[in-house]
>>> print(open('protein_37.txt').read())   # compact mmCIF, C-alpha atoms and all ligand atoms
# COMPACT_ATOMS: atom_id res chain seq x y z
CA MET A 1 -3.94 24.47 29.27
CA LYS A 2 -3.21 24.89 25.55
CA GLN A 3 -6.42 25.49 23.61
CA PHE A 4 -6.97 25.15 19.87
CA ASP A 5 -9.95 24.84 17.57
CA VAL A 6 -8.40 21.78 15.96
CA ILE A 7 -5.75 19.39 17.26
CA ILE A 8 -4.46 16.76 14.88
CA ILE A 9 -2.58 13.72 16.17
CA GLY A 10 -0.07 12.59 13.56
CA ALA A 11 2.14 14.81 11.41
CA GLY A 12 2.09 12.49 8.40
CA ALA A 13 0.61 13.05 4.96
CA ALA A 14 -3.04 13.07 6.03
CA GLY A 15 -2.51 15.09 9.22
CA LEU A 16 -0.51 17.84 7.53
CA MET A 17 -2.96 18.11 4.62
CA CYS A 18 -5.86 18.41 7.05
CA ALA A 19 -3.97 21.03 9.09
CA ILE A 20 -3.37 23.18 5.99
CA GLU A 21 -7.03 23.08 4.99
CA ALA A 22 -8.38 23.76 8.49
CA GLY A 23 -5.81 26.57 8.84
CA LYS A 24 -7.02 28.13 5.58
CA ARG A 25 -10.48 28.38 7.15
CA GLY A 26 -9.05 30.48 9.95
CA ARG A 27 -9.17 27.69 12.54
CA SER A 28 -6.38 27.63 15.12
CA VAL A 29 -4.60 24.33 14.47
CA LEU A 30 -2.01 22.31 16.38
CA VAL A 31 -0.43 19.13 15.00
CA ILE A 32 1.13 16.78 17.56
CA ASP A 33 3.45 13.86 16.75
CA HIS A 34 5.43 11.58 19.02
CA SER A 35 8.26 11.36 16.47
CA LYS A 36 11.16 13.79 16.31
CA SER A 37 10.37 14.77 12.72
CA VAL A 38 7.31 15.13 10.50
CA GLY A 39 6.39 12.98 7.52
CA GLU A 40 8.82 10.12 8.13
CA LYS A 41 6.93 7.84 5.75
CA ILE A 42 6.92 10.48 3.06
CA ARG A 43 10.67 10.78 3.48
CA ILE A 44 11.38 7.08 2.99
CA SER A 45 8.69 6.46 0.38
CA GLY A 46 9.31 5.65 -3.25
CA GLY A 47 12.99 4.94 -2.63
CA GLY A 48 13.43 8.51 -1.31
CA ARG A 49 11.55 10.12 -4.23
CA CYS A 50 7.97 9.68 -2.95
CA ASN A 51 5.42 8.20 -5.33
CA PHE A 52 3.05 10.98 -4.26
CA THR A 53 0.02 10.10 -6.41
CA ASN A 54 -1.14 8.14 -9.42
CA ILE A 55 -2.67 9.86 -12.43
CA ASN A 56 -5.03 6.92 -12.90
CA THR A 57 -6.54 7.07 -9.40
CA THR A 58 -10.12 5.79 -9.22
CA PRO A 59 -12.14 4.32 -6.34
CA GLU A 60 -11.39 0.85 -7.80
CA ASN A 61 -7.81 1.24 -6.58
CA PHE A 62 -8.89 1.00 -2.93
CA LEU A 63 -9.87 -1.81 -0.55
CA SER A 64 -12.40 -1.32 2.22
CA GLU A 65 -15.37 -3.12 3.74
CA ASN A 66 -17.33 -0.31 2.09
CA PRO A 67 -15.68 0.25 -1.31
CA ARG A 68 -17.95 3.25 -2.00
CA PHE A 69 -16.81 5.22 1.04
CA CYS A 70 -13.76 6.69 -0.69
CA ILE A 71 -15.63 8.04 -3.73
CA SER A 72 -16.68 11.39 -2.30
CA ALA A 73 -13.30 12.46 -0.91
CA LEU A 74 -11.40 11.28 -4.01
CA LYS A 75 -13.76 13.39 -6.12
CA ARG A 76 -13.40 16.49 -3.96
CA TYR A 77 -9.59 16.38 -3.93
CA THR A 78 -8.21 14.57 -6.95
CA GLN A 79 -4.73 13.54 -8.07
CA PHE A 80 -4.80 16.61 -10.35
CA ASP A 81 -5.43 18.92 -7.39
CA PHE A 82 -2.33 17.53 -5.69
CA ILE A 83 -0.33 17.82 -8.92
CA ASN A 84 -1.35 21.49 -9.11
CA LEU A 85 -0.14 22.01 -5.55
CA ILE A 86 3.28 20.57 -6.23
CA LYS A 87 3.52 22.54 -9.49
CA LYS A 88 2.79 25.71 -7.50
CA HIS A 89 5.84 24.83 -5.38
CA ASN A 90 8.00 24.21 -8.46
CA ILE A 91 8.58 20.57 -7.58
CA TYR A 92 9.53 18.69 -10.72
CA PHE A 93 8.24 15.18 -11.16
CA HIS A 94 8.03 12.32 -13.63
CA GLU A 95 5.85 9.32 -14.37
CA LYS A 96 7.76 6.12 -13.71
CA THR A 97 5.29 3.46 -14.77
CA LEU A 98 1.54 2.77 -14.70
CA GLY A 99 0.68 6.39 -13.87
CA GLN A 100 2.94 6.52 -10.79
CA LEU A 101 4.30 10.04 -10.20
CA PHE A 102 7.61 10.57 -8.38
CA CYS A 103 9.63 13.67 -7.44
CA ASP A 104 12.59 14.20 -9.75
CA GLU A 105 14.78 15.15 -6.79
CA SER A 106 13.68 14.09 -3.33
CA ALA A 107 10.71 13.18 -1.14
CA GLN A 108 11.93 15.90 1.23
CA GLN A 109 10.50 18.43 -1.25
CA ILE A 110 6.99 17.16 -0.48
CA ILE A 111 7.61 17.48 3.27
CA ASP A 112 9.04 20.99 2.83
CA MET A 113 6.04 21.95 0.70
CA LEU A 114 3.57 20.74 3.33
CA LEU A 115 5.47 22.56 6.09
CA GLU A 116 5.55 25.77 4.04
CA GLU A 117 1.78 25.53 3.47
CA CYS A 118 1.32 24.92 7.21
CA ARG A 119 3.39 27.99 8.09
CA ALA A 120 1.41 30.15 5.65
CA VAL A 121 -1.77 29.47 7.62
CA LYS A 122 -0.10 29.55 11.06
CA VAL A 123 -0.46 25.86 11.89
CA GLN A 124 1.55 25.03 15.02
CA LEU A 125 3.57 21.84 15.40
CA THR A 126 4.58 19.98 18.55
CA LEU A 127 6.93 17.05 17.95
CA ASN A 128 8.43 14.46 20.27
CA THR A 129 5.22 14.49 22.26
CA ALA A 130 3.18 11.49 23.32
CA ILE A 131 -0.32 12.14 24.57
CA SER A 132 -2.61 10.27 26.93
CA ASP A 133 -5.81 10.46 28.94
CA ILE A 134 -8.14 11.69 26.21
CA SER A 135 -11.55 12.63 27.49
CA LYS A 136 -14.53 14.55 26.22
CA SER A 137 -16.26 17.02 28.44
CA GLY A 138 -19.16 18.89 26.90
CA ASP A 139 -18.22 19.61 23.34
CA LYS A 140 -14.47 19.80 24.04
CA PHE A 141 -11.77 17.14 24.03
CA GLU A 142 -9.05 17.22 26.66
CA PHE A 143 -5.83 15.26 27.02
CA LYS A 144 -2.32 15.65 28.29
CA SER A 145 1.31 15.12 27.40
CA GLU A 146 4.15 14.77 29.85
CA ASN A 147 4.36 18.53 30.39
CA GLU A 148 1.13 20.07 29.19
CA ASN A 149 -2.63 19.82 29.03
CA PHE A 150 -4.56 20.38 25.80
CA ARG A 151 -8.14 21.23 24.90
CA CYS A 152 -9.80 21.41 21.47
CA SER A 153 -13.18 21.41 19.77
CA SER A 154 -12.13 19.10 16.93
CA LEU A 155 -9.77 16.19 17.52
CA VAL A 156 -8.44 14.63 14.32
CA ILE A 157 -6.75 11.22 14.51
CA ALA A 158 -4.23 10.92 11.68
CA SER A 159 -1.84 8.52 13.37
CA GLY A 160 -1.59 6.03 10.49
CA GLY A 161 -1.47 2.23 10.64
CA LEU A 162 0.90 -0.33 12.12
CA SER A 163 3.37 -0.65 9.26
CA ILE A 164 7.04 -0.06 10.07
CA PRO A 165 6.96 0.36 13.86
CA LYS A 166 10.65 1.28 13.65
CA ILE A 167 9.70 4.72 12.29
CA GLY A 168 6.90 5.48 14.71
CA ALA A 169 3.82 3.42 13.77
CA THR A 170 1.57 2.69 16.76
CA PRO A 171 -1.96 1.37 17.39
CA PHE A 172 -2.87 4.76 18.88
CA GLY A 173 -5.75 5.45 16.47
CA TYR A 174 -7.37 2.07 17.07
CA GLU A 175 -7.11 2.57 20.82
CA VAL A 176 -8.84 5.95 20.60
CA ALA A 177 -11.57 4.35 18.48
CA LYS A 178 -12.04 1.60 21.06
CA GLN A 179 -12.19 4.11 23.89
CA PHE A 180 -15.13 5.81 22.16
CA ASP A 181 -16.77 2.50 21.25
CA ILE A 182 -16.04 2.93 17.55
CA LYS A 183 -15.72 -0.28 15.54
CA VAL A 184 -12.31 -1.20 14.12
CA VAL A 185 -11.95 -3.64 11.21
CA PRO A 186 -9.13 -5.98 12.37
CA PRO A 187 -5.88 -4.58 10.96
CA ARG A 188 -3.51 -6.73 8.93
CA ALA A 189 -0.37 -6.14 6.90
CA GLY A 190 -0.86 -5.18 3.24
CA LEU A 191 1.48 -4.56 0.30
CA VAL A 192 3.87 -7.00 1.93
CA PRO A 193 6.21 -9.76 0.70
CA PHE A 194 5.21 -13.41 1.19
CA THR A 195 7.29 -15.84 3.21
CA PHE A 196 7.80 -19.58 2.72
CA SER A 197 8.26 -22.37 5.24
CA GLU A 198 11.77 -23.85 5.70
CA GLU A 199 10.77 -26.79 3.54
CA LYS A 200 9.59 -24.59 0.64
CA LEU A 201 12.62 -22.33 1.00
CA LEU A 202 14.84 -25.35 0.50
CA ARG A 203 12.99 -26.18 -2.73
CA TYR A 204 13.06 -22.60 -4.02
CA LYS A 205 16.48 -21.58 -2.71
CA ASP A 206 18.20 -21.45 -6.11
CA LEU A 207 15.57 -19.04 -7.41
CA ALA A 208 16.42 -16.09 -5.12
CA GLY A 209 17.10 -13.01 -7.22
CA ILE A 210 15.08 -14.12 -10.25
CA ALA A 211 12.46 -11.60 -11.45
CA LEU A 212 9.64 -12.56 -13.82
CA ASP A 213 6.95 -10.50 -15.49
CA VAL A 214 3.77 -12.31 -14.44
CA GLU A 215 0.08 -12.00 -13.75
CA VAL A 216 -0.76 -13.01 -10.18
CA SER A 217 -4.32 -13.78 -9.05
CA CYS A 218 -6.03 -14.44 -5.73
CA ASN A 219 -9.62 -14.16 -4.57
CA GLY A 220 -10.84 -12.82 -7.91
CA LYS A 221 -8.23 -10.07 -8.27
CA SER A 222 -5.27 -10.07 -10.68
CA PHE A 223 -2.18 -7.91 -11.08
CA ARG A 224 0.20 -7.84 -14.00
CA GLU A 225 3.64 -6.70 -12.82
CA ALA A 226 7.04 -8.06 -11.83
CA MET A 227 7.50 -10.86 -9.26
CA LEU A 228 10.78 -11.47 -7.46
CA PHE A 229 12.01 -14.61 -5.68
CA THR A 230 13.75 -13.64 -2.44
CA HIS A 231 15.66 -15.51 0.28
CA ARG A 232 12.49 -15.45 2.40
CA GLY A 233 9.80 -16.05 -0.26
CA LEU A 234 8.25 -13.82 -2.91
CA SER A 235 8.24 -10.08 -3.44
CA GLY A 236 8.06 -7.52 -6.27
CA PRO A 237 5.15 -5.27 -7.19
CA ALA A 238 2.81 -8.06 -8.40
CA ILE A 239 3.23 -9.89 -5.09
CA LEU A 240 2.84 -6.79 -2.92
CA GLN A 241 -0.38 -5.96 -4.77
CA ILE A 242 -1.91 -9.41 -4.42
CA SER A 243 -0.85 -9.69 -0.75
CA SER A 244 -3.61 -7.20 0.11
CA TYR A 245 -6.19 -9.69 -1.21
CA TRP A 246 -4.56 -12.82 0.26
CA LYS A 247 -5.69 -14.50 3.47
CA ASN A 248 -3.96 -17.32 5.40
CA ASN A 249 -4.04 -20.66 3.55
CA ASP A 250 -5.05 -19.13 0.20
CA ASP A 251 -3.17 -20.22 -2.90
CA ILE A 252 -1.96 -17.59 -5.32
CA ILE A 253 -2.13 -18.41 -9.02
CA ILE A 254 0.70 -17.19 -11.19
CA ASN A 255 0.45 -16.89 -14.95
CA LEU A 256 4.13 -17.14 -15.83
CA LEU A 257 3.52 -16.30 -19.49
CA PRO A 258 0.78 -13.65 -19.55
CA ASP A 259 1.63 -12.54 -23.11
CA MET A 260 2.03 -15.96 -24.71
CA ASN A 261 0.08 -19.08 -25.48
CA ALA A 262 2.38 -21.73 -23.97
CA PHE A 263 0.70 -24.61 -25.78
CA GLU A 264 1.23 -22.98 -29.19
CA TYR A 265 4.81 -22.12 -28.28
CA LEU A 266 5.53 -25.77 -27.44
CA GLU A 267 3.75 -27.04 -30.55
CA GLU A 268 5.75 -24.69 -32.78
CA GLY A 269 8.93 -25.73 -30.98
CA ARG A 270 8.16 -29.37 -31.66
CA LEU A 271 7.72 -28.64 -35.39
CA GLU A 272 10.90 -26.57 -35.68
CA ALA A 273 13.24 -28.49 -33.36
CA PRO A 274 11.61 -31.75 -32.27
CA ARG A 275 14.75 -33.13 -30.57
CA ILE A 276 15.28 -30.15 -28.29
CA GLU A 277 14.77 -30.89 -24.57
CA LEU A 278 11.72 -29.22 -22.96
CA TYR A 279 14.08 -27.64 -20.43
CA ASN A 280 16.05 -25.99 -23.26
CA ALA A 281 12.88 -24.81 -24.98
CA LEU A 282 11.74 -23.18 -21.73
CA SER A 283 15.19 -21.66 -21.18
CA ASN A 284 14.52 -19.50 -24.25
CA ILE A 285 11.62 -17.78 -22.47
CA PHE A 286 12.62 -18.03 -18.79
CA PRO A 287 15.90 -17.58 -16.93
CA LYS A 288 17.73 -20.95 -17.11
CA ARG A 289 17.54 -21.56 -13.34
CA PHE A 290 13.79 -21.08 -13.39
CA ALA A 291 13.27 -23.30 -16.47
CA GLN A 292 15.22 -26.05 -14.71
CA PHE A 293 13.26 -25.59 -11.50
CA ILE A 294 9.81 -25.70 -13.12
CA CYS A 295 10.74 -28.87 -15.07
CA GLU A 296 12.16 -30.62 -11.98
CA GLU A 297 9.33 -29.53 -9.70
CA ASN A 298 6.71 -30.94 -12.10
CA TYR A 299 8.68 -33.94 -13.43
CA PHE A 300 8.59 -32.48 -16.95
CA ASN A 301 11.46 -34.07 -18.87
CA GLY A 302 12.21 -35.35 -22.33
CA ARG A 303 12.49 -33.97 -25.85
CA LEU A 304 9.65 -31.96 -27.36
CA CYS A 305 8.96 -34.82 -29.82
CA ASP A 306 8.40 -37.14 -26.82
CA PHE A 307 5.43 -35.04 -25.60
CA SER A 308 1.87 -35.71 -26.75
CA ASN A 309 -0.56 -32.81 -27.15
CA SER A 310 -2.27 -33.68 -23.89
CA GLN A 311 1.10 -33.66 -22.11
CA PHE A 312 1.84 -30.27 -23.67
CA GLN A 313 -1.50 -29.09 -22.33
CA ILE A 314 -0.44 -30.12 -18.81
CA VAL A 315 2.83 -28.17 -19.19
CA ALA A 316 0.96 -25.16 -20.62
CA ASP A 317 -1.62 -25.25 -17.81
CA THR A 318 1.19 -25.29 -15.26
CA LEU A 319 2.92 -22.32 -16.89
CA HIS A 320 -0.31 -20.31 -17.12
CA GLY A 321 -1.60 -21.27 -13.69
CA TRP A 322 1.24 -22.10 -11.32
CA ARG A 323 -0.27 -22.42 -7.82
CA ILE A 324 1.75 -21.53 -4.75
CA LYS A 325 0.60 -21.40 -1.15
CA PRO A 326 2.56 -18.74 0.73
CA ASP A 327 3.11 -19.67 4.38
CA GLY A 328 2.81 -16.11 5.65
CA THR A 329 3.92 -12.53 5.09
CA GLU A 330 6.81 -10.48 6.40
CA GLY A 331 4.24 -8.62 8.53
CA TYR A 332 4.30 -5.03 9.70
CA ARG A 333 8.10 -4.98 9.73
CA THR A 334 8.13 -4.43 5.96
CA ALA A 335 4.46 -3.95 4.99
CA GLU A 336 3.86 -0.74 3.08
CA VAL A 337 0.36 -0.34 4.48
CA THR A 338 -2.11 -1.60 7.07
CA LEU A 339 -5.40 -2.98 5.82
CA GLY A 340 -8.49 -2.59 7.98
CA GLY A 341 -8.70 0.10 10.64
CA VAL A 342 -11.43 2.39 11.90
CA SER A 343 -14.64 1.21 10.24
CA THR A 344 -16.08 3.45 7.56
CA ASP A 345 -19.56 2.57 8.93
CA GLU A 346 -18.69 4.76 11.88
CA LEU A 347 -17.58 7.81 9.87
CA SER A 348 -19.18 10.39 7.61
CA SER A 349 -17.74 10.13 4.09
CA LYS A 350 -18.26 13.89 3.75
CA THR A 351 -16.57 15.13 6.93
CA PHE A 352 -14.74 12.06 8.35
CA GLU A 353 -16.35 12.80 11.70
CA ALA A 354 -17.33 9.86 13.90
CA LYS A 355 -21.11 9.50 13.80
CA LYS A 356 -21.21 8.59 17.51
CA VAL A 357 -18.73 11.20 18.72
CA PRO A 358 -19.20 14.72 17.33
CA GLY A 359 -15.88 16.53 17.02
CA LEU A 360 -13.78 13.36 16.65
CA PHE A 361 -12.38 12.67 13.16
CA PHE A 362 -10.27 9.87 11.62
CA ILE A 363 -8.34 10.30 8.35
CA GLY A 364 -5.66 8.56 6.27
CA GLU A 365 -4.36 5.07 6.82
CA VAL A 366 -5.78 4.65 10.33
CA MET A 367 -9.18 4.07 8.77
CA ASP A 368 -10.41 1.13 6.73
CA VAL A 369 -9.48 2.44 3.29
CA THR A 370 -6.29 1.08 1.73
CA GLY A 371 -4.88 1.76 -1.70
CA HIS A 372 -3.10 -0.41 -4.20
CA LEU A 373 0.63 0.02 -4.70
CA GLY A 374 1.54 3.00 -6.88
CA GLY A 375 0.84 6.34 -5.16
CA TYR A 376 -2.76 5.56 -4.21
CA ASN A 377 -2.14 5.55 -0.45
CA PHE A 378 -0.72 9.03 -0.46
CA GLN A 379 -3.62 10.16 -2.64
CA TRP A 380 -5.96 8.79 0.03
CA ALA A 381 -4.04 10.73 2.69
CA TRP A 382 -4.33 13.95 0.63
CA SER A 383 -8.02 13.43 -0.25
CA SER A 384 -9.20 12.41 3.22
CA GLY A 385 -7.05 15.12 4.86
CA TYR A 386 -8.44 17.76 2.52
CA ALA A 387 -12.06 16.66 3.00
CA CYS A 388 -11.77 16.59 6.79
CA GLY A 389 -9.97 19.95 6.80
CA GLN A 390 -13.10 21.60 5.35
CA PHE A 391 -15.12 20.62 8.45
CA ALA A 392 -12.84 19.97 11.47
P1 LIG B 1 1.46 8.23 8.43
O1 LIG B 1 1.89 6.89 8.90
O2 LIG B 1 2.16 8.81 7.27
O3 LIG B 1 1.56 9.29 9.59
C1 LIG B 1 1.14 8.99 10.89
C2 LIG B 1 1.86 9.89 11.85
O4 LIG B 1 1.33 9.66 13.15
C3 LIG B 1 3.36 9.58 11.93
O5 LIG B 1 4.08 10.79 11.81
C4 LIG B 1 3.53 8.96 13.32
O6 LIG B 1 4.77 9.29 13.91
C5 LIG B 1 2.39 9.58 14.07
N1 LIG B 1 1.95 8.78 15.22
C6 LIG B 1 1.74 7.45 15.27
N2 LIG B 1 1.39 7.09 16.50
C7 LIG B 1 1.38 8.22 17.26
C8 LIG B 1 1.12 8.48 18.63
N3 LIG B 1 0.80 7.50 19.47
N4 LIG B 1 1.21 9.77 19.07
C9 LIG B 1 1.56 10.77 18.22
N5 LIG B 1 1.84 10.57 16.91
C10 LIG B 1 1.74 9.31 16.45
N6 LIG B 1 2.31 5.27 -0.39
C11 LIG B 1 2.26 5.85 -1.61
O7 LIG B 1 1.20 6.28 -2.02
N7 LIG B 1 3.40 5.98 -2.36
C12 LIG B 1 4.62 5.52 -1.93
O8 LIG B 1 5.64 5.71 -2.60
C13 LIG B 1 4.66 4.86 -0.67
N8 LIG B 1 5.82 4.32 -0.23
C14 LIG B 1 5.87 3.75 1.02
C15 LIG B 1 7.08 3.21 1.47
C16 LIG B 1 7.15 2.63 2.72
C17 LIG B 1 8.44 2.02 3.20
C18 LIG B 1 6.00 2.63 3.56
C19 LIG B 1 6.05 2.04 4.93
C20 LIG B 1 4.80 3.16 3.10
C21 LIG B 1 4.72 3.71 1.83
N9 LIG B 1 3.52 4.22 1.33
C22 LIG B 1 3.49 4.79 0.09
C23 LIG B 1 2.30 4.25 2.17
C24 LIG B 1 2.14 5.68 2.76
O9 LIG B 1 3.36 6.05 3.33
C25 LIG B 1 1.05 5.71 3.82
O10 LIG B 1 -0.13 5.13 3.34
C26 LIG B 1 0.78 7.15 4.24
O11 LIG B 1 1.96 7.70 4.78
C27 LIG B 1 -0.33 7.22 5.26
O12 LIG B 1 -0.44 8.55 5.70
P2 LIG B 1 -1.02 8.90 7.13
O13 LIG B 1 -0.81 10.35 7.30
O14 LIG B 1 -2.36 8.33 7.27
O15 LIG B 1 -0.10 8.10 8.15
>>> encode(input="protein_37.txt", output="structure tokens", more="lines below")
Ligand code: FDA
Amino acid sequence: MKQFDVIIIGAGAAGLMCAIEAGKRGRSVLVIDHSKSVGEKIRISGGGRCNFTNINTTPENFLSENPRFCISALKRYTQFDFINLIKKHNIYFHEKTLGQLFCDESAQQIIDMLLEECRAVKVQLTLNTAISDISKSGDKFEFKSENENFRCSSLVIASGGLSIPKIGATPFGYEVAKQFDIKVVPPRAGLVPFTFSEEKLLRYKDLAGIALDVEVSCNGKSFREAMLFTHRGLSGPAILQISSYWKNNDDIIINLLPDMNAFEYLEEGRLEAPRIELYNALSNIFPKRFAQFICEENYFNGRLCDFSNSQFQIVADTLHGWRIKPDGTEGYRTAEVTLGGVSTDELSSKTFEAKKVPGLFFIGEVMDVTGHLGGYNFQWAWSSGYACGQFA
């Protein structure tokens, strides 16, 4: 029987951060992962450079059934605390856009830093190990792997969500929650591209590869970033962001000209070059293929001088509020995160301990707190891991 004060399941961002903090308190800590290597998501994140935090992190950047749950942990371990940690390890970084911080060299530097911090406080790691048969007897948890039995006082579930099963994502955390009668908010894919039906794909097929700077809205939330037409549907940062707010059958509304007044643009065009075709006028502000598509799709044709003001208004309204109904998402295969998860109602926002099950903790993506795109999900892993590590 291997005995530890704290056993953490999941050697990802949250699990390793928690291990470091618990180790600093002199707790004996073991981290177990079923994968062959630690921090796989860190390694592949940010195109290999890891967007490890966002300097503008606030609680408003997170989705949860209880949007206030994240406030305490984000306050106790901020983006600036993590920046100080990586500065201490001489990892150079840069801001790419919108406060997103990336390593100059490689995401592997973040993994190496976490492992070095773990070593410094004697955290032990067991990889390639699946566990089963968790039980609680008295105030201890017990479980086993293929070859060994384990016992601990604090069991921390940091096994992440369902995104990218190919690199080790499993429903393990939700199953543990269920076993202990802890509520789970139904998980669904977030930060994920939209897909179109065959019929829509046929209509949009010539648009694949076109990127537009847009503002996308759905269910009262808007994002101003790039949108990309793909061979399957829509992607790009604006789409990934809004996907977290989208539910089946919702329309998304796309402002194709967020910085312009389309009506005024058309009116001015009519004064300056009345005989120019609408399609040509739109080709000056959109890629040609897209200008052609939007005119054909909406039966907008003719010269600018042929349009009345009310017809211009219809064109302008279309350009500022193009409605599309996605038919689905690419799902967990490509989703960057999993929305939902272990309900925050069940957890202490101070310690991350389950209210019903003393000694059992949930941190990181496995719980119902999900960040926007842009480094916020790692910040949640660091903040929740840190907070839990002070108590586990
Ligand atoms: P995480 O998923 O990192 O770790 C969970 C660990 O548990 C894994 O090591 C897994 O192997 C292990 N595990 C799972 N089931 C188990 C089981 N049954 N037994 C034992 N171990 C088990 N975020 C961000 O802020 N900036 C970014 O740049 C990116 N980029 C990005 C790219 C891609 C492609 C993806 C898929 C995701 C991102 N993200 C991101 C999101 C970010 O990676 C994610 O939110 C965090 O890694 C979550 O950290 P956790 O530690 O909670 O889970």
>>> residues_near_point(input="protein_37.txt", point="(6.8, -9.7, -11.3)", cutoff="6 Å", atoms="all atoms listed in the file", output="PyMOL selection string")
chain A and resi 211-214+225-228+236+238
>>> write_last_selection(input="protein_37.txt", atoms="C-alpha atoms", output="PDB file, keeping the file's coordinate frame")
ATOM      1  CA  ALA A 211      12.460 -11.600 -11.450  1.00  0.00           C
ATOM      2  CA  LEU A 212       9.640 -12.560 -13.820  1.00  0.00           C
ATOM      3  CA  ASP A 213       6.950 -10.500 -15.490  1.00  0.00           C
ATOM      4  CA  VAL A 214       3.770 -12.310 -14.440  1.00  0.00           C
ATOM      5  CA  GLU A 225       3.640  -6.700 -12.820  1.00  0.00           C
ATOM      6  CA  ALA A 226       7.040  -8.060 -11.830  1.00  0.00           C
ATOM      7  CA  MET A 227       7.500 -10.860  -9.260  1.00  0.00           C
ATOM      8  CA  LEU A 228      10.780 -11.470  -7.460  1.00  0.00           C
ATOM      9  CA  GLY A 236       8.060  -7.520  -6.270  1.00  0.00           C
ATOM     10  CA  ALA A 238       2.810  -8.060  -8.400  1.00  0.00           C
TER      11      ALA A 238
END
>>> closest_residue(input="protein_37.txt", among="A:Gly389, A:Gly99, A:Gly39, A:Pro67", to="Ala19 in chain A", atoms="all atoms listed in the file")
A:Gly389
>>> residues_near_ligand(input="protein_37.txt", ligand="ligand LIG 1 (chain B)", cutoff="7 Å", atoms="all atoms listed in the file", output="PyMOL selection string")
chain A and resi 9-15+32-35+38-42+44-46+50-53+129-131+158-161+163-164+167-172+334-337+363-366+373-379+381
>>> atom_distance(input="protein_37.txt", atom1="CA of Ile111 in chain A", atom2="CA of Leu16 in chain A")
9.2 Å
>>> closest_residue(input="protein_37.txt", among="A:Asp306, A:Val315, A:Arg49, A:Lys205", to="Phe102 in chain A", atoms="all atoms listed in the file")
A:Arg49
>>> residues_around(input="protein_37.txt", residues="Ile239 in chain A", least_positions_apart="5", cutoff="8 Å", atoms="all atoms listed in the file", output="ChimeraX atom specification")
/A:191-194,216,226-227,234
>>> write_last_selection(input="protein_37.txt", atoms="C-alpha atoms", output="PDB file, in the frame of the given file")
ATOM      1  CA  LEU A 191       1.480  -4.560   0.300  1.00  0.00           C
ATOM      2  CA  VAL A 192       3.870  -7.000   1.930  1.00  0.00           C
ATOM      3  CA  PRO A 193       6.210  -9.760   0.700  1.00  0.00           C
ATOM      4  CA  PHE A 194       5.210 -13.410   1.190  1.00  0.00           C
ATOM      5  CA  VAL A 216      -0.760 -13.010 -10.180  1.00  0.00           C
ATOM      6  CA  ALA A 226       7.040  -8.060 -11.830  1.00  0.00           C
ATOM      7  CA  MET A 227       7.500 -10.860  -9.260  1.00  0.00           C
ATOM      8  CA  LEU A 234       8.250 -13.820  -2.910  1.00  0.00           C
TER       9      LEU A 234
END
>>> residues_around(input="protein_37.txt", residues="Trp322 in chain A", least_positions_apart="4", cutoff="8 Å", atoms="all atoms listed in the file", output="list in words")
Ile253, Ile254, Asn255, Leu256, Asp317 and Thr318 of chain A
>>> closest_residue(input="protein_37.txt", among="A:Gln3, A:Ser137, A:Asn298, A:Asn84", to="Val29 in chain A", atoms="all atoms listed in the file")
A:Gln3
>>> closest_residue(input="protein_37.txt", among="A:Lys356, A:Lys247, A:Arg303, A:Lys350", to="Pro326 in chain A", atoms="only C-alpha atoms")
A:Lys247
>>> closest_residue(input="protein_37.txt", among="A:Tyr332, A:Lys122, A:Val185, A:Gly269", to="Lys166 in chain A", atoms="all atoms listed in the file")
A:Tyr332
